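**Q** So here's entry-v8.cif (mmCIF, C-alpha atoms).
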```cif
data_my_file
loop_
_atom_site.label_atom_id
_atom_site.label_comp_id
_atom_site.auth_asym_id
_atom_site.auth_seq_id
_atom_site.Cartn_x
_atom_site.Cartn_y
_atom_site.Cartn_z
CA MET A 5 55.27 -74.79 -76.81
CA PRO A 6 52.24 -72.67 -76.27
CA GLN A 7 51.25 -71.88 -72.68
CA ARG A 8 48.09 -73.37 -71.17
CA GLN A 9 45.33 -70.86 -70.65
CA ARG A 10 44.67 -70.33 -66.90
CA ALA A 11 41.15 -71.06 -65.74
CA PRO A 12 39.47 -68.50 -63.47
CA SER A 13 40.14 -69.07 -59.81
CA ALA A 14 37.40 -70.39 -57.58
CA LEU A 15 37.67 -67.27 -55.39
CA PHE A 16 37.06 -64.92 -58.30
CA ILE A 17 34.08 -66.97 -59.51
CA ALA A 18 32.58 -66.90 -56.03
CA PHE A 19 33.02 -63.12 -55.88
CA LEU A 20 31.36 -62.68 -59.27
CA VAL A 21 28.42 -64.85 -58.27
CA SER A 22 27.96 -62.86 -55.08
CA VAL A 23 27.89 -59.59 -57.03
CA LEU A 24 25.24 -60.94 -59.42
CA VAL A 25 23.15 -62.15 -56.51
CA ILE A 26 23.39 -58.76 -54.76
CA ASN A 27 22.42 -56.96 -57.95
CA SER A 28 19.40 -59.19 -58.37
CA ILE A 29 18.31 -58.63 -54.80
CA LEU A 30 18.98 -54.89 -54.63
CA PRO A 31 18.04 -53.58 -58.07
CA SER A 32 17.20 -50.16 -56.70
CA VAL A 33 20.74 -49.46 -55.50
CA SER A 34 22.75 -47.49 -58.09
CA TRP A 35 26.45 -48.04 -58.55
CA ALA A 36 29.21 -45.90 -59.98
CA GLN A 37 32.63 -46.81 -61.37
CA GLU A 38 35.57 -45.97 -59.18
CA THR A 39 37.67 -43.30 -60.87
CA ASP A 40 40.53 -42.77 -58.48
CA SER A 41 42.28 -46.20 -58.95
CA ALA A 42 43.71 -48.20 -61.89
CA PRO A 43 41.61 -51.08 -63.30
CA ALA A 44 42.70 -54.57 -62.33
CA THR A 45 44.32 -56.83 -64.99
CA PRO A 46 41.58 -59.11 -66.35
CA ALA A 47 42.02 -62.81 -66.36
CA PRO A 48 42.64 -64.17 -69.86
CA GLY A 49 39.44 -64.85 -71.81
CA ILE A 50 37.10 -63.30 -69.28
CA ASP A 51 35.70 -59.77 -69.53
CA ASP A 52 36.46 -57.58 -66.61
CA PRO A 53 33.37 -57.13 -64.52
CA VAL A 54 32.41 -53.51 -63.93
CA ILE A 55 31.87 -53.18 -60.23
CA PRO A 56 30.81 -49.65 -59.45
CA ASP A 57 31.09 -48.15 -55.92
CA PRO A 58 27.77 -47.99 -54.17
CA VAL A 59 26.24 -44.52 -54.00
CA ILE A 60 24.70 -44.08 -50.60
CA PRO A 61 22.48 -41.00 -50.43
CA ASP A 62 22.92 -38.59 -47.51
CA PRO A 63 20.39 -39.31 -44.83
CA VAL A 64 17.62 -36.74 -44.62
CA ILE A 65 17.49 -35.54 -41.01
CA PRO A 66 14.56 -33.19 -40.43
CA ASP A 67 15.11 -30.09 -38.31
CA PRO A 68 14.09 -30.79 -34.76
CA VAL A 69 10.75 -29.30 -33.83
CA ILE A 70 11.20 -27.43 -30.53
CA PRO A 71 7.86 -26.30 -29.13
CA ASP A 72 7.61 -22.88 -27.51
CA PRO A 73 8.12 -23.16 -23.78
CA VAL A 74 4.92 -23.13 -21.79
CA ILE A 75 5.34 -20.68 -18.91
CA PRO A 76 2.48 -21.03 -16.45
CA ASP A 77 0.95 -17.93 -14.93
CA PRO A 78 2.36 -17.18 -11.50
CA VAL A 79 0.22 -18.63 -8.78
CA ILE A 80 -0.38 -16.18 -5.93
CA PRO A 81 -1.93 -18.12 -3.08
CA ASP A 82 -5.09 -16.82 -1.54
CA SER A 83 -4.76 -15.20 1.85
CA VAL A 84 -5.19 -17.62 4.68
CA ILE A 85 -8.08 -16.53 6.82
CA PRO A 86 -8.43 -18.34 10.14
CA ASP A 87 -11.75 -19.76 11.25
CA SER A 88 -12.29 -16.75 13.49
CA GLY A 89 -12.72 -14.59 10.39
CA GLU A 90 -9.66 -12.49 11.21
CA ARG A 91 -6.75 -12.30 8.82
CA ALA A 92 -3.54 -14.13 9.67
CA ASN A 93 -0.60 -12.10 10.96
CA THR A 94 1.02 -11.71 7.56
CA LEU A 95 1.29 -9.04 4.94
CA PHE A 96 -0.59 -9.65 1.71
CA LEU A 97 0.62 -9.65 -1.87
CA PRO A 98 -1.82 -7.85 -4.17
CA THR A 99 -3.18 -9.46 -7.29
CA ILE A 100 -2.36 -7.21 -10.24
CA MET A 101 -5.51 -6.36 -12.16
CA ASN A 102 -7.63 -3.49 -13.41
CA MET A 103 -9.28 -1.53 -10.67
CA GLY A 104 -11.93 -0.05 -12.94
CA SER A 105 -13.18 3.30 -11.78
CA ALA A 106 -11.43 3.18 -8.40
CA ILE A 107 -8.11 4.38 -9.91
CA PRO A 108 -8.61 5.95 -13.38
CA SER A 109 -6.03 4.34 -15.63
CA GLU A 110 -5.43 7.52 -17.59
CA ASN A 111 -4.24 9.27 -14.43
CA VAL A 112 -1.88 6.51 -13.27
CA PRO A 113 1.81 6.78 -14.26
CA VAL A 114 3.02 4.11 -16.63
CA GLU A 115 5.21 2.56 -13.96
CA ALA A 116 2.30 2.20 -11.52
CA THR A 117 -0.06 -0.76 -11.97
CA PRO A 118 -3.54 -0.42 -10.40
CA VAL A 119 -4.27 -3.16 -7.92
CA ASP A 120 -7.23 -4.65 -6.13
CA PRO A 121 -7.19 -5.54 -2.43
CA PRO A 122 -8.01 -9.01 -1.11
CA ASP A 123 -11.61 -10.13 -1.57
CA ASP A 124 -12.51 -9.44 2.05
CA LEU A 125 -11.74 -5.75 1.55
CA ALA A 126 -13.22 -5.34 -1.93
CA THR A 127 -16.68 -4.32 -0.69
CA ASP A 128 -15.35 -1.62 1.63
CA ASP A 129 -14.58 1.57 -0.32
CA HIS A 130 -12.35 2.93 2.42
CA ALA A 131 -10.21 -0.18 2.81
CA HIS A 132 -10.24 -0.68 -0.98
CA ASP A 133 -8.80 2.77 -1.67
CA ASP A 134 -6.33 2.64 1.23
CA TYR A 135 -4.94 -0.67 0.03
CA ALA A 136 -4.78 0.38 -3.62
CA LEU A 137 -3.15 3.75 -2.98
CA ALA A 138 -0.55 2.22 -0.68
CA GLU A 139 0.42 -0.20 -3.44
CA LEU A 140 0.52 2.60 -6.02
CA ALA A 141 2.79 4.60 -3.75
CA ARG A 142 5.13 1.63 -3.40
CA GLN A 143 5.23 1.23 -7.19
CA ARG A 144 5.63 4.89 -8.13
CA ASN A 145 8.59 5.87 -5.97
CA GLU A 146 8.90 9.09 -7.96
CA PRO A 147 11.66 10.17 -7.87
CA PRO A 148 13.62 7.14 -6.61
CA PHE A 149 14.80 7.52 -3.06
CA VAL A 150 18.39 8.67 -2.70
CA ALA A 151 19.98 8.46 0.71
CA PRO A 152 21.08 11.92 1.84
CA GLN A 153 24.73 12.78 2.28
CA LEU A 154 25.45 12.49 5.97
CA ASP A 155 27.32 15.35 7.56
CA ALA A 156 29.52 14.99 10.58
CA ALA A 157 27.61 14.95 13.85
CA ALA A 158 27.11 18.43 15.23
CA THR A 159 28.85 19.27 18.45
CA GLY A 160 27.54 21.39 21.27
CA PRO A 161 24.97 21.28 24.08
CA LEU A 162 22.27 18.64 23.58
CA ASN A 163 19.52 21.24 24.02
CA GLN A 164 20.90 22.95 20.90
CA VAL A 165 22.11 20.18 18.60
CA GLY A 166 19.93 17.28 19.79
CA GLN A 167 20.79 13.62 19.59
CA TRP A 168 19.30 10.47 18.07
CA GLY A 169 18.86 7.55 20.46
CA ALA A 170 19.07 3.85 19.74
CA VAL A 171 16.49 2.20 17.49
CA THR A 172 13.50 0.88 19.42
CA THR A 173 11.69 -2.17 18.03
CA TRP A 174 7.97 -2.10 18.75
CA PRO A 175 6.21 -5.44 19.35
CA PHE A 176 3.74 -4.75 16.50
CA VAL A 177 3.12 -2.28 13.68
CA PHE A 178 1.26 0.66 15.17
CA ALA A 179 -0.83 3.34 13.50
CA THR A 180 -1.52 5.72 16.40
CA ALA A 181 0.60 7.02 19.29
CA VAL A 182 -0.25 9.30 22.21
CA SER A 183 2.05 11.11 24.65
CA LEU A 184 0.78 10.41 28.17
CA PRO A 185 0.99 12.88 31.09
CA ASP A 186 3.60 10.71 32.86
CA GLY A 187 6.02 10.80 29.91
CA ARG A 188 5.25 7.35 28.53
CA ILE A 189 3.97 6.68 25.01
CA ALA A 190 0.83 4.65 24.35
CA ALA A 191 0.41 3.22 20.85
CA TRP A 192 -1.86 0.78 19.05
CA GLY A 193 -2.31 -0.80 15.63
CA GLY A 194 -4.77 -3.30 14.21
CA ASN A 195 -6.22 -6.63 15.20
CA ASN A 196 -3.08 -8.39 13.88
CA THR A 197 0.55 -7.61 14.65
CA THR A 198 1.44 -6.61 11.08
CA SER A 199 -1.91 -5.96 9.40
CA PHE A 200 -5.51 -5.01 10.01
CA SER A 201 -8.71 -6.78 9.01
CA GLY A 202 -11.51 -5.49 11.19
CA GLY A 203 -12.20 -7.84 14.02
CA THR A 204 -13.02 -6.70 17.54
CA SER A 205 -9.60 -6.41 19.19
CA THR A 206 -6.47 -4.24 19.06
CA TYR A 207 -2.77 -4.76 19.77
CA ALA A 208 -1.63 -1.95 22.08
CA SER A 209 1.37 -1.21 24.30
CA VAL A 210 2.81 1.47 26.52
CA TRP A 211 6.50 2.28 26.12
CA ASN A 212 8.56 3.90 28.86
CA PRO A 213 11.47 5.88 27.34
CA ALA A 214 13.15 6.10 30.75
CA ASN A 215 13.93 2.37 30.83
CA GLY A 216 12.97 1.19 27.32
CA GLN A 217 10.38 -1.24 28.71
CA PHE A 218 7.07 -2.15 27.04
CA GLN A 219 3.85 -3.03 28.82
CA SER A 220 1.09 -4.74 26.86
CA ILE A 221 -2.32 -3.02 27.05
CA ASN A 222 -4.14 -4.96 24.32
CA HIS A 223 -7.83 -4.13 23.95
CA SER A 224 -10.06 -7.18 23.46
CA ASP A 225 -13.35 -5.38 22.80
CA HIS A 226 -12.65 -2.52 20.37
CA SER A 227 -10.94 -2.59 16.97
CA MET A 228 -9.21 0.80 17.07
CA PHE A 229 -7.15 0.77 13.88
CA CYS A 230 -7.14 4.40 12.67
CA ALA A 231 -9.63 5.48 15.32
CA ILE A 232 -9.25 9.08 16.43
CA PRO A 233 -7.71 9.83 19.85
CA THR A 234 -8.30 12.93 21.93
CA MET A 235 -7.16 13.67 25.48
CA LEU A 236 -9.59 14.53 28.24
CA GLU A 237 -8.80 17.19 30.85
CA ASP A 238 -7.63 14.58 33.37
CA GLY A 239 -5.14 13.03 30.92
CA ARG A 240 -7.21 9.97 29.97
CA VAL A 241 -7.12 9.03 26.29
CA PHE A 242 -10.50 9.06 24.55
CA VAL A 243 -10.79 6.91 21.38
CA ASN A 244 -13.89 6.72 19.18
CA GLY A 245 -14.45 4.83 15.93
CA GLY A 246 -12.03 2.47 14.19
CA ASP A 247 -12.00 -0.38 11.74
CA GLY A 248 -14.09 -3.40 12.64
CA THR A 249 -16.13 -1.87 15.49
CA ARG A 250 -16.72 1.62 14.11
CA GLU A 251 -19.46 2.64 16.51
CA ARG A 252 -17.48 1.93 19.70
CA THR A 253 -15.79 4.25 22.18
CA SER A 254 -13.04 3.45 24.69
CA ILE A 255 -11.11 5.38 27.33
CA PHE A 256 -7.56 4.54 28.45
CA ASP A 257 -6.56 5.50 31.98
CA TYR A 258 -2.78 5.86 32.18
CA ARG A 259 -2.88 5.73 35.98
CA ASN A 260 -3.85 2.04 36.05
CA ASN A 261 -3.12 1.05 32.42
CA THR A 262 -6.68 -0.09 31.70
CA TRP A 263 -9.19 0.35 28.90
CA THR A 264 -12.86 1.01 29.64
CA ARG A 265 -15.64 0.82 27.08
CA SER A 266 -17.95 3.85 26.94
CA ASN A 267 -21.24 4.42 25.10
CA ASN A 268 -21.50 3.57 21.40
CA MET A 269 -21.94 6.34 18.86
CA SER A 270 -25.18 6.62 16.89
CA THR A 271 -23.34 5.73 13.67
CA GLY A 272 -20.11 3.97 12.78
CA ARG A 273 -17.09 6.14 12.03
CA TRP A 274 -13.64 5.30 10.68
CA TYR A 275 -11.06 8.04 9.94
CA ASN A 276 -13.43 10.53 11.51
CA GLY A 277 -12.55 13.86 13.07
CA ALA A 278 -12.74 14.52 16.83
CA VAL A 279 -12.08 17.46 19.17
CA ALA A 280 -12.00 17.49 22.99
CA LEU A 281 -13.88 20.51 24.38
CA PRO A 282 -12.99 22.49 27.54
CA ASN A 283 -16.20 21.35 29.26
CA GLY A 284 -15.12 17.71 29.15
CA LYS A 285 -17.25 16.83 26.13
CA VAL A 286 -15.98 15.41 22.82
CA PHE A 287 -17.17 16.48 19.36
CA THR A 288 -16.90 14.12 16.38
CA MET A 289 -18.07 14.12 12.76
CA LEU A 290 -17.75 12.51 9.32
CA GLY A 291 -15.61 9.40 8.81
CA ASP A 292 -16.74 6.20 7.15
CA PRO A 293 -19.70 5.84 6.89
CA GLY A 294 -20.21 8.87 9.13
CA GLY A 295 -23.41 10.50 7.97
CA PRO A 296 -24.70 14.08 7.71
CA TYR A 297 -24.75 14.94 11.44
CA PRO A 298 -21.96 15.39 14.01
CA GLU A 299 -22.19 13.80 17.47
CA LEU A 300 -21.37 15.08 20.94
CA TRP A 301 -20.20 12.89 23.83
CA THR A 302 -21.06 14.02 27.36
CA PRO A 303 -19.52 12.34 30.44
CA ASN A 304 -21.93 10.01 32.25
CA VAL A 305 -24.48 10.56 29.46
CA GLY A 306 -23.04 9.30 26.20
CA TRP A 307 -23.48 10.40 22.58
CA SER A 308 -26.16 12.60 21.02
CA LEU A 309 -26.65 13.64 17.38
CA LEU A 310 -26.34 17.34 16.58
CA THR A 311 -29.17 17.44 14.06
CA GLY A 312 -28.97 21.22 13.74
CA ALA A 313 -25.60 20.92 11.95
CA ASN A 314 -26.49 19.38 8.62
CA LEU A 315 -23.17 18.72 6.89
CA ASN A 316 -24.88 18.47 3.51
CA ASN A 317 -24.69 22.27 3.55
CA GLY A 318 -21.03 23.24 3.32
CA ILE A 319 -19.14 19.93 3.36
CA LEU A 320 -20.91 16.92 1.86
CA ASN A 321 -22.13 18.98 -1.09
CA TYR A 322 -18.50 19.31 -2.25
CA THR A 323 -16.68 16.53 -4.06
CA GLY A 324 -13.10 15.47 -3.58
CA TYR A 325 -11.03 12.40 -2.89
CA GLN A 326 -11.63 11.07 0.65
CA SER A 327 -13.40 14.31 1.48
CA THR A 328 -15.10 12.79 4.56
CA TRP A 329 -11.96 11.16 6.00
CA LEU A 330 -9.83 12.93 8.58
CA PRO A 331 -11.38 16.40 8.34
CA TYR A 332 -9.25 19.25 9.65
CA LEU A 333 -10.95 20.38 12.87
CA TYR A 334 -9.63 22.89 15.43
CA LEU A 335 -11.01 24.35 18.64
CA ALA A 336 -11.06 28.12 18.15
CA PRO A 337 -10.68 30.76 20.90
CA ASN A 338 -14.37 31.63 20.48
CA GLY A 339 -15.38 28.12 21.62
CA GLN A 340 -16.51 26.99 18.17
CA ILE A 341 -14.88 24.36 15.99
CA PHE A 342 -13.17 25.50 12.80
CA HIS A 343 -13.35 23.18 9.80
CA ALA A 344 -10.39 23.90 7.49
CA GLY A 345 -11.02 21.29 4.81
CA PRO A 346 -10.01 19.43 2.80
CA THR A 347 -13.17 20.42 0.90
CA THR A 348 -13.42 23.84 -0.73
CA GLN A 349 -15.51 25.72 1.85
CA MET A 350 -14.19 26.38 5.35
CA ASN A 351 -16.84 26.30 8.07
CA TRP A 352 -17.73 27.14 11.67
CA LEU A 353 -19.33 24.35 13.69
CA ASN A 354 -21.16 25.27 16.89
CA PRO A 355 -21.36 22.28 19.29
CA THR A 356 -23.91 23.82 21.66
CA GLY A 357 -27.61 22.94 21.69
CA ASN A 358 -28.53 20.94 18.59
CA GLY A 359 -25.44 22.26 16.81
CA SER A 360 -25.10 24.43 13.72
CA ILE A 361 -22.83 24.94 10.70
CA SER A 362 -22.03 28.24 8.98
CA ASN A 363 -19.74 29.47 6.21
CA THR A 364 -16.60 31.33 7.32
CA GLY A 365 -16.27 33.02 3.96
CA LEU A 366 -12.89 31.35 3.35
CA THR A 367 -12.08 28.78 0.68
CA ASN A 368 -9.23 26.43 -0.14
CA THR A 369 -7.46 27.23 -3.41
CA TRP A 370 -5.87 23.77 -3.52
CA TYR A 371 -6.96 20.44 -2.02
CA PRO A 372 -5.04 20.18 1.30
CA LYS A 373 -5.71 16.48 1.75
CA TYR A 374 -2.83 14.81 3.62
CA SER A 375 -1.12 18.15 4.25
CA SER A 376 0.58 19.20 7.46
CA ALA A 377 -1.77 21.39 9.50
CA VAL A 378 -0.68 22.52 12.97
CA MET A 379 -1.84 25.17 15.43
CA TYR A 380 1.48 26.84 16.18
CA GLU A 381 -0.06 29.51 18.41
CA GLU A 382 -3.46 29.73 20.02
CA GLY A 383 -5.93 30.31 17.19
CA LYS A 384 -3.27 30.34 14.43
CA ILE A 385 -2.99 27.40 12.02
CA LEU A 386 -0.27 26.68 9.46
CA VAL A 387 -1.34 24.47 6.52
CA ALA A 388 1.46 23.29 4.22
CA GLY A 389 1.40 20.88 1.29
CA GLY A 390 -1.24 18.32 0.47
CA ALA A 391 -2.76 17.43 -2.88
CA ALA A 392 -2.58 19.77 -5.85
CA ASN A 393 -6.18 18.91 -6.77
CA SER A 394 -9.06 16.78 -5.54
CA THR A 395 -8.41 13.67 -7.66
CA ASN A 396 -7.10 10.49 -6.08
CA THR A 397 -3.88 10.49 -8.13
CA ALA A 398 -3.05 14.18 -7.67
CA PRO A 399 0.60 15.08 -7.08
CA GLY A 400 1.68 16.95 -3.99
CA THR A 401 1.93 20.72 -3.77
CA ASN A 402 4.35 23.13 -2.12
CA GLN A 403 1.70 25.75 -1.30
CA ALA A 404 1.19 27.01 2.25
CA MET A 405 -1.19 29.31 4.15
CA ILE A 406 -1.91 30.61 7.63
CA VAL A 407 -5.44 30.78 9.05
CA ASP A 408 -5.95 33.22 11.93
CA LEU A 409 -8.94 32.54 14.21
CA THR A 410 -8.13 35.14 16.87
CA GLY A 411 -10.12 38.05 15.42
CA ALA A 412 -13.79 38.76 14.96
CA SER A 413 -13.70 36.72 11.75
CA ALA A 414 -11.37 34.07 10.38
CA GLN A 415 -8.61 35.32 8.10
CA LYS A 416 -6.51 33.41 5.58
CA THR A 417 -3.07 34.49 4.38
CA VAL A 418 -1.12 32.72 1.63
CA VAL A 419 2.54 32.52 2.63
CA ALA A 420 5.74 31.64 0.79
CA SER A 421 5.67 28.16 -0.71
CA MET A 422 7.90 25.35 0.47
CA ALA A 423 10.97 24.54 -1.62
CA LEU A 424 9.54 21.09 -2.44
CA ALA A 425 6.05 19.76 -3.07
CA ARG A 426 4.93 17.53 -0.17
CA LYS A 427 2.02 15.16 0.45
CA PHE A 428 1.56 12.93 3.52
CA ASN A 429 4.13 15.19 5.18
CA ASN A 430 4.50 15.78 8.93
CA ALA A 431 5.02 18.98 10.88
CA VAL A 432 6.04 19.51 14.52
CA VAL A 433 5.67 22.73 16.49
CA LEU A 434 8.92 23.64 18.24
CA PRO A 435 9.13 25.43 21.63
CA ASN A 436 9.93 28.72 19.86
CA ASN A 437 6.72 28.42 17.73
CA GLU A 438 8.65 27.54 14.59
#
```
Could you render the structure as structure tokens?

**A**
Amino acid sequence: MPQRQRAPSALFIAFLVSVLVINSILPSVSWAQETDSAPATPAPGIDDPVIPDPVIPDPVIPDPVIPDPVIPDPVIPDSVIPDSGERANTLFLPTIMNMGSAIPSENVPVEATPVDPPDDLATDDHAHDDYALAELARQRNEPPFVAPQLDAAATGPLNQVGQWGAVTTWPFVFATAVSLPDGRIAAWGGNNTTSFSGGTSTYASVWNPANGQFQSINHSDHSMFCAIPTMLEDGRVFVNGGDGTRERTSIFDYRNNTWTRSNNMSTGRWYNGAVALPNGKVFTMLGDPGGPYPELWTPNVGWSLLTGANLNNGILNYTGYQSTWLPYLYLAPNGQIFHAGPTTQMNWLNPTGNGSISNTGLTNTWYPKYSSAVMYEEGKILVAGGAANSTNTAPGTNQAMIVDLTGASAQKTVVASMALARKFNNAVVLPNNE
């Protein structure tokens, strides 16, 4: 008896209908036959439906777009200037920029970046150059500082081997110090404790090395930053010129620790030269702005211009970096003042009458700006180091010379050079004249 043919199951029919519906709805989806499994046994009388596996394309994920990081320029805050017009008691960070002609870029080492001072100093050539050169010096550091190898402390009598004392912390940054007749040290800085910005006052103190005590002697009426001190015959300290009040003069009396204002000069002077004379008078010249004539201070009279000593003949007619700042002036045994530079021609300056200037016949063969120059014996001057040439970026030199003022005419002798080139160096005369 023949078998009855089995009708398709309801489940299979439902599956087939669902496939047809899906194909009608999603005509764009392609299908592929499965190849890794055996085909199912078809139901009798019905063709096997071909049900391919769906091909799902890989999703296209674009590469992420990462913008370059935006790094803002560093913001250097402007200096805070109090209402009084004086700079706050802080040090200032320079803004790095091109200084133009102030520091020629072709003469600046690659590791030194020219800088401009704060806006309130930009119109003052002196302050502008001081600020810029100080920053260049900090940047250059050529060669890098290497701490010296410390030897064992020498033994022996203190008057032979010496001894360092404890570190003394001053109450402010000072620029000038004077040894007083009573053994104390008077020193002063600017109108701020750690900076200078003109003004009309000065931080000053007296230090007593016997007990380590400080006594404040601030001056409220004279800005004496980098003014020039001389000592009068009675031990009082005479100070003329300075930063903010360049025409002023003050005298410090160590016996009562007081400042007294004296007569103003005829012109303002900063980084000028000054010499105390044996007759109680004080000679001064040049500085910033200075002018072509020296001045002479007479006790109980005041200042007078020496119009017979025209500095355009012998000094101002020579060029050179800071040629009018801190001239090298020495009282000679003949009563005249010897001008040793830094400009090329060395001169005699006569402070009597209306004054006069004359050529000594000697010249500088290098530019001894910021050298060490000391009178180690009466009328004998040692000059060592300084700038190799008159440009503002000149390296130091190791050259040295002696100038002898004790004869009928000044004589110059070149001596053996130092082992190392030095600029902004110091020299101290020892008791044995070394």

**Q** Considering only C-alpha atoms, return as a PyMOL selection string whatever protein or nucleic-acid residues lie within 7 Å of A:Lys285, sequence-local ones (same chain, fewer than 6 positions apart) excluded.

**A** chain A and resi 300-303

**Q** Measuring atom to atom with all atoms listed in the file, identify which of A:Asn261, A:Ser327, A:Thr172, A:Asn429 is nearest to A:Leu184.

**A**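 When distances to A:Leu184 are compared using all atoms listed in the file, the smallest one comes from A:Asn261.
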
**Q** What does the distance from atom CA of A:Pro185 to atom CA of A:Gly272 come to in Å, to one decimal?

**A**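 Calculated distance between atom CA of A:Pro185 and atom CA of A:Gly272 is 29.3 Å.
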
**Q** May I ask for the distance between atom CA of A:Pro213 and atom CA of A:Ala170, given in Å to one decimal place?

**A**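 Calculated distance between atom CA of A:Pro213 and atom CA of A:Ala170 is 10.9 Å.
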
**Q** Care to translate the PyMOL selection byres ((chain A and resi 425) around 12) into actual residues of this file, as a PyMOL selection string?

**A** chain A and resi 372+375-376+388-392+398-404+421-424+426-429

**Q** Between atom CA of A:Thr328 and atom CA of A:Asn368, what is the spacing in Å?

**A** 15.6 Å

**Q** For the file shown, report as a PyMOL selection string the outcome of the PyMOL selection byres ((chain A and resi 408) around 10) at residue level.

**A** chain A and resi 336+379+381-386+405-407+409-411+413-417

**Q** Between A:Asn358, A:Pro331, A:Pro346, A:Trp274, which one has atoms that come closest to A:Glu299, using only C-alpha atoms?

**A**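 Of A:Asn358, A:Pro331, A:Pro346, A:Trp274, the one nearest A:Glu299 is A:Asn358, counting only C-alpha atoms.
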
**Q** Using 10 Å as the limit and counting only C-alpha atoms, can you tabulate each residue of stretch 216-321 of chain A that touches stretch 361-364 of chain A, with its shortest atom-to-atom distance in Å and the two atoms involved, as a tab-separated table?

**A**
```
residue	atom	partner	partner_atom	distance
A:Gly312	CA	A:Ile361	CA	7.8
A:Ala313	CA	A:Ile361	CA	5.0
A:Asn314	CA	A:Ile361	CA	7.0
A:Leu315	CA	A:Ile361	CA	7.3
A:Asn316	CA	A:Ile361	CA	9.9
A:Asn317	CA	A:Ile361	CA	7.9
A:Gly318	CA	A:Asn363	CA	7.0
A:Ile319	CA	A:Ile361	CA	9.6
```

**Q** Store the residues picked out above in a file with C-alpha atoms, as a PDB file, keeping the file's coordinate frame.

**A**
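The resulting file, again23.pdb, is reproduced below:
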```
ATOM      1  CA  GLY A 312     -28.970  21.220  13.740  1.00  0.00           C
ATOM      2  CA  ALA A 313     -25.600  20.920  11.950  1.00  0.00           C
ATOM      3  CA  ASN A 314     -26.490  19.380   8.620  1.00  0.00           C
ATOM      4  CA  LEU A 315     -23.170  18.720   6.890  1.00  0.00           C
ATOM      5  CA  ASN A 316     -24.880  18.470   3.510  1.00  0.00           C
ATOM      6  CA  ASN A 317     -24.690  22.270   3.550  1.00  0.00           C
ATOM      7  CA  GLY A 318     -21.030  23.240   3.320  1.00  0.00           C
ATOM      8  CA  ILE A 319     -19.140  19.930   3.360  1.00  0.00           C
TER       9      ILE A 319
END
```

**Q** Give as a PyMOL selection string the residues that the PyMOL selection byres ((chain A and resi 203-205) around 8) matches when applied to the coordinates above.

**A** chain A and resi 89-90+194-195+201-202+206-207+222-228+247-249

**Q** Using all atoms listed in the file, find all polymer residues with an atom at most 10 Å away from the point (-19.9, 9.1, 10.0); report them as a VMD selection string.

**A** chain A and resid 245 250 to 251 269 to 277 288 to 299 328 to 329

**Q** Output C-alpha atoms of each residue in that selection to a file, as a PDB file, keeping the file's coordinate frame.

**A**
```
ATOM      1  CA  GLY A 245     -14.450   4.830  15.930  1.00  0.00           C
ATOM      2  CA  ARG A 250     -16.720   1.620  14.110  1.00  0.00           C
ATOM      3  CA  GLU A 251     -19.460   2.640  16.510  1.00  0.00           C
ATOM      4  CA  MET A 269     -21.940   6.340  18.860  1.00  0.00           C
ATOM      5  CA  SER A 270     -25.180   6.620  16.890  1.00  0.00           C
ATOM      6  CA  THR A 271     -23.340   5.730  13.670  1.00  0.00           C
ATOM      7  CA  GLY A 272     -20.110   3.970  12.780  1.00  0.00           C
ATOM      8  CA  ARG A 273     -17.090   6.140  12.030  1.00  0.00           C
ATOM      9  CA  TRP A 274     -13.640   5.300  10.680  1.00  0.00           C
ATOM     10  CA  TYR A 275     -11.060   8.040   9.940  1.00  0.00           C
ATOM     11  CA  ASN A 276     -13.430  10.530  11.510  1.00  0.00           C
ATOM     12  CA  GLY A 277     -12.550  13.860  13.070  1.00  0.00           C
ATOM     13  CA  THR A 288     -16.900  14.120  16.380  1.00  0.00           C
ATOM     14  CA  MET A 289     -18.070  14.120  12.760  1.00  0.00           C
ATOM     15  CA  LEU A 290     -17.750  12.510   9.320  1.00  0.00           C
ATOM     16  CA  GLY A 291     -15.610   9.400   8.810  1.00  0.00           C
ATOM     17  CA  ASP A 292     -16.740   6.200   7.150  1.00  0.00           C
ATOM     18  CA  PRO A 293     -19.700   5.840   6.890  1.00  0.00           C
ATOM     19  CA  GLY A 294     -20.210   8.870   9.130  1.00  0.00           C
ATOM     20  CA  GLY A 295     -23.410  10.500   7.970  1.00  0.00           C
ATOM     21  CA  PRO A 296     -24.700  14.080   7.710  1.00  0.00           C
ATOM     22  CA  TYR A 297     -24.750  14.940  11.440  1.00  0.00           C
ATOM     23  CA  PRO A 298     -21.960  15.390  14.010  1.00  0.00           C
ATOM     24  CA  GLU A 299     -22.190  13.800  17.470  1.00  0.00           C
ATOM     25  CA  THR A 328     -15.100  12.790   4.560  1.00  0.00           C
ATOM     26  CA  TRP A 329     -11.960  11.160   6.000  1.00  0.00           C
TER      27      TRP A 329
END
```

**Q** Show which residues sit within 7 Å of A:Ser394, as an mmCIF file with C-alpha atoms, keeping the file's coordinate frame. Count all atoms listed in the file, and ignore same-chain residues fewer than 6 positions away.

**A**
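Saved file out-v6.cif follows:
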```
data_model
loop_
_atom_site.group_PDB
_atom_site.id
_atom_site.type_symbol
_atom_site.label_atom_id
_atom_site.label_comp_id
_atom_site.auth_asym_id
_atom_site.auth_seq_id
_atom_site.Cartn_x
_atom_site.Cartn_y
_atom_site.Cartn_z
ATOM 1 C CA GLY A 324 -13.100 15.470 -3.580
ATOM 2 C CA TYR A 325 -11.030 12.400 -2.890
ATOM 3 C CA TYR A 371 -6.960 20.440 -2.020
#
```

**Q** For a quick check of understanding, using only C-alpha atoms, which of A:Pro337, A:Ser209, A:Val171, A:Leu236 has the smallest distance to A:Ala412?

**A**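 Of A:Pro337, A:Ser209, A:Val171, A:Leu236, the one nearest A:Ala412 is A:Pro337, counting only C-alpha atoms.
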